file final.cif (mmCIF, C-alpha atoms, pLDDT in the B column; chains and numbers go by the auth columns)
data_data
#
loop_
_atom_site.group_PDB
_atom_site.id
_atom_site.type_symbol
_atom_site.label_atom_id
_atom_site.label_comp_id
_atom_site.label_asym_id
_atom_site.label_seq_id
_atom_site.Cartn_x
_atom_site.Cartn_y
_atom_site.Cartn_z
_atom_site.B_iso_or_equiv
_atom_site.auth_seq_id
_atom_site.auth_asym_id
ATOM 1 C CA MET A 1 21.193 -10.772 7.456 46.00 65 E
ATOM 2 C CA ALA A 2 21.775 -10.095 3.786 53.00 66 E
ATOM 3 C CA LEU A 3 21.650 -6.617 2.320 54.00 67 E
ATOM 4 C CA ASP A 4 18.289 -7.158 0.629 60.00 68 E
ATOM 5 C CA ASP A 5 16.837 -8.585 3.828 71.00 69 E
ATOM 6 C CA THR A 6 17.959 -5.502 5.756 69.00 70 E
ATOM 7 C CA LYS A 7 16.356 -3.101 3.286 67.00 71 E
ATOM 8 C CA HIS A 8 13.111 -5.032 3.310 76.00 72 E
ATOM 9 C CA ALA A 9 13.161 -5.328 7.086 89.00 73 E
ATOM 10 C CA TYR A 10 13.281 -1.543 7.411 93.00 74 E
ATOM 11 C CA ARG A 11 10.446 -1.149 4.918 93.00 75 E
ATOM 12 C CA ASP A 12 8.266 -3.511 6.940 93.00 76 E
ATOM 13 C CA LEU A 13 8.621 -1.543 10.185 94.00 77 E
ATOM 14 C CA ASP A 14 6.146 1.140 11.155 95.00 78 E
ATOM 15 C CA ASP A 15 7.327 4.684 11.866 95.00 79 E
ATOM 16 C CA ASP A 16 7.659 4.301 15.637 97.00 80 E
ATOM 17 C CA ALA A 17 9.598 1.056 15.339 96.00 81 E
ATOM 18 C CA LEU A 18 11.833 2.597 12.687 97.00 82 E
ATOM 19 C CA LEU A 19 12.609 5.581 14.914 97.00 83 E
ATOM 20 C CA GLN A 20 13.360 3.206 17.788 97.00 84 E
ATOM 21 C CA GLU A 21 15.669 1.202 15.512 97.00 85 E
ATOM 22 C CA LEU A 22 17.419 4.447 14.551 97.00 86 E
ATOM 23 C CA THR A 23 17.950 5.332 18.198 98.00 87 E
ATOM 24 C CA ASP A 24 19.252 1.856 19.009 97.00 88 E
ATOM 25 C CA THR A 25 21.606 1.838 16.028 97.00 89 E
ATOM 26 C CA LYS A 26 22.994 5.283 16.834 98.00 90 E
ATOM 27 C CA ASP A 27 23.538 4.188 20.432 98.00 91 E
ATOM 28 C CA ALA A 28 25.349 1.040 19.294 98.00 92 E
ATOM 29 C CA LEU A 29 27.478 3.116 16.917 98.00 93 E
ATOM 30 C CA PHE A 30 28.433 5.478 19.744 98.00 94 E
ATOM 31 C CA LYS A 31 29.457 2.568 21.963 98.00 95 E
ATOM 32 C CA LYS A 32 31.496 0.951 19.204 98.00 96 E
ATOM 33 C CA ARG A 33 33.246 4.241 18.436 98.00 97 E
ATOM 34 C CA PHE A 34 34.163 4.532 22.099 97.00 98 E
ATOM 35 C CA GLU A 35 35.475 0.962 22.110 97.00 99 E
ATOM 36 C CA ASN A 36 37.506 1.757 19.002 97.00 100 E
ATOM 37 C CA ALA A 37 38.984 4.866 20.593 97.00 101 E
ATOM 38 C CA THR A 38 40.064 2.918 23.679 96.00 102 E
ATOM 39 C CA GLY A 39 41.492 0.072 21.600 96.00 103 E
ATOM 40 C CA GLN A 40 38.963 -2.519 22.751 96.00 104 E
ATOM 41 C CA LEU A 41 37.249 -3.022 19.387 96.00 105 E
ATOM 42 C CA ASP A 42 38.614 -5.990 17.466 95.00 106 E
ATOM 43 C CA ASN A 43 36.390 -5.839 14.391 96.00 107 E
ATOM 44 C CA VAL A 44 36.340 -2.283 13.051 96.00 108 E
ATOM 45 C CA SER A 45 34.116 -3.252 10.108 97.00 109 E
ATOM 46 C CA VAL A 46 31.155 -3.126 12.481 97.00 110 E
ATOM 47 C CA LEU A 47 31.502 0.679 12.492 97.00 111 E
ATOM 48 C CA ARG A 48 30.926 0.797 8.738 97.00 112 E
ATOM 49 C CA LYS A 49 27.946 -1.562 8.994 97.00 113 E
ATOM 50 C CA LEU A 50 26.319 0.554 11.700 97.00 114 E
ATOM 51 C CA ARG A 51 26.902 3.801 9.758 98.00 115 E
ATOM 52 C CA LYS A 52 25.291 2.236 6.699 97.00 116 E
ATOM 53 C CA ASP A 53 22.349 1.016 8.774 97.00 117 E
ATOM 54 C CA VAL A 54 21.816 4.562 10.079 97.00 118 E
ATOM 55 C CA ALA A 55 21.882 5.845 6.490 97.00 119 E
ATOM 56 C CA ARG A 56 19.411 3.151 5.371 96.00 120 E
ATOM 57 C CA ILE A 57 17.005 4.092 8.151 97.00 121 E
ATOM 58 C CA HIS A 58 17.280 7.794 7.308 97.00 122 E
ATOM 59 C CA THR A 59 16.657 6.962 3.643 97.00 123 E
ATOM 60 C CA GLU A 60 13.532 4.987 4.490 96.00 124 E
ATOM 61 C CA LEU A 61 12.236 7.788 6.743 97.00 125 E
ATOM 62 C CA ARG A 62 12.833 10.352 3.991 98.00 126 E
ATOM 63 C CA ALA A 63 11.096 8.166 1.405 96.00 127 E
ATOM 64 C CA ARG A 64 8.066 7.934 3.678 97.00 128 E
ATOM 65 C CA GLU A 65 8.117 11.696 4.202 97.00 129 E
ATOM 66 C CA ILE A 66 8.165 12.305 0.445 97.00 130 E
ATOM 67 C CA ALA A 67 5.386 9.770 -0.150 96.00 131 E
ATOM 68 C CA ALA A 68 3.218 11.444 2.483 96.00 132 E
ATOM 69 C CA ALA A 69 3.808 14.880 0.950 96.00 133 E
ATOM 70 C CA GLU A 70 2.952 13.603 -2.519 96.00 134 E
ATOM 71 C CA ALA A 71 -0.209 11.947 -1.216 94.00 135 E
ATOM 72 C CA LEU A 72 -1.248 15.199 0.441 94.00 136 E
ATOM 73 C CA GLU A 73 -0.560 17.146 -2.760 94.00 137 E
ATOM 74 C CA THR A 74 -2.589 14.664 -4.790 92.00 138 E
ATOM 75 C CA GLN A 75 -5.408 14.888 -2.294 91.00 139 E
ATOM 76 C CA ARG A 76 -5.404 18.686 -2.539 91.00 140 E
ATOM 77 C CA GLU A 77 -5.478 18.555 -6.338 89.00 141 E
ATOM 78 C CA ASN A 78 -8.443 16.169 -6.346 88.00 142 E
ATOM 79 C CA ALA A 79 -10.423 18.245 -3.866 77.00 143 E
#
call {"tool": "encode", "arguments": {"input": "final.cif", "output": "structure tokens"}}
result
Amino acid sequence: MALDDTKHAYRDLDDDALLQELTDTKDALFKKRFENATGQLDNVSVLRKLRKDVARIHTELRAREIAAAEALETQRENA
């Protein structure tokens, strides 16, 4: 999956699915870190990819949080 596809894929998910994806990604990262510590991980670049995916998901969640707060503020101003 290309970088742009990943960003758009996270934008297309609803909040519950995004939180589930975050949980799954953090779990996969934990497992890969454990494999790395025991010397069983061959491709260490997967750690970087998973860390970046966690950051992308957090960024999308924060953007949604900000958008919701701005919408609420706008609604209060118009009332």
call {"tool": "closest_residue", "arguments": {"input": "final.cif", "among": "E:Leu93, E:Ala135, E:Ala81, E:Ala143", "to": "Asp117 (chain E)", "atoms": "all atoms listed in the file"}}
result
E:Leu93
call {"tool": "closest_residue", "arguments": {"input": "final.cif", "among": "E:Arg128, E:Lys90, E:Lys116, E:Lys96", "to": "Asp76 (chain E)", "atoms": "only C-alpha atoms"}}
result
E:Arg128
call {"tool": "closest_residue", "arguments": {"input": "final.cif", "among": "E:Ala127, E:Val118, E:Asn107, E:His72", "to": "Gln84 (chain E)", "atoms": "all atoms listed in the file"}}
result
E:Val118
call {"tool": "closest_residue", "arguments": {"input": "final.cif", "among": "E:Arg126, E:Arg120, E:Arg140, E:Arg112", "to": "Ala73 (chain E)", "atoms": "all atoms listed in the file"}}
result
E:Arg120
call {"tool": "atom_distance", "arguments": {"input": "final.cif", "atom1": "CA of Thr89 (chain E)", "atom2": "CA of Glu134 (chain E)"}}
result
28.8 Å
call {"tool": "atom_distance", "arguments": {"input": "final.cif", "atom1": "CA of Leu114 (chain E)", "atom2": "CA of Tyr74 (chain E)"}}
result
13.9 Å
call {"tool": "residues_around", "arguments": {"input": "final.cif", "residues": "Lys95 (chain E)", "least_positions_apart": "6", "cutoff": "12 Å", "atoms": "only C-alpha atoms", "output": "list in words"}}
result
Asp88, Thr89, Ala101, Thr102, Gln104, Leu105, Val110, Leu111 and Leu114 of chain E
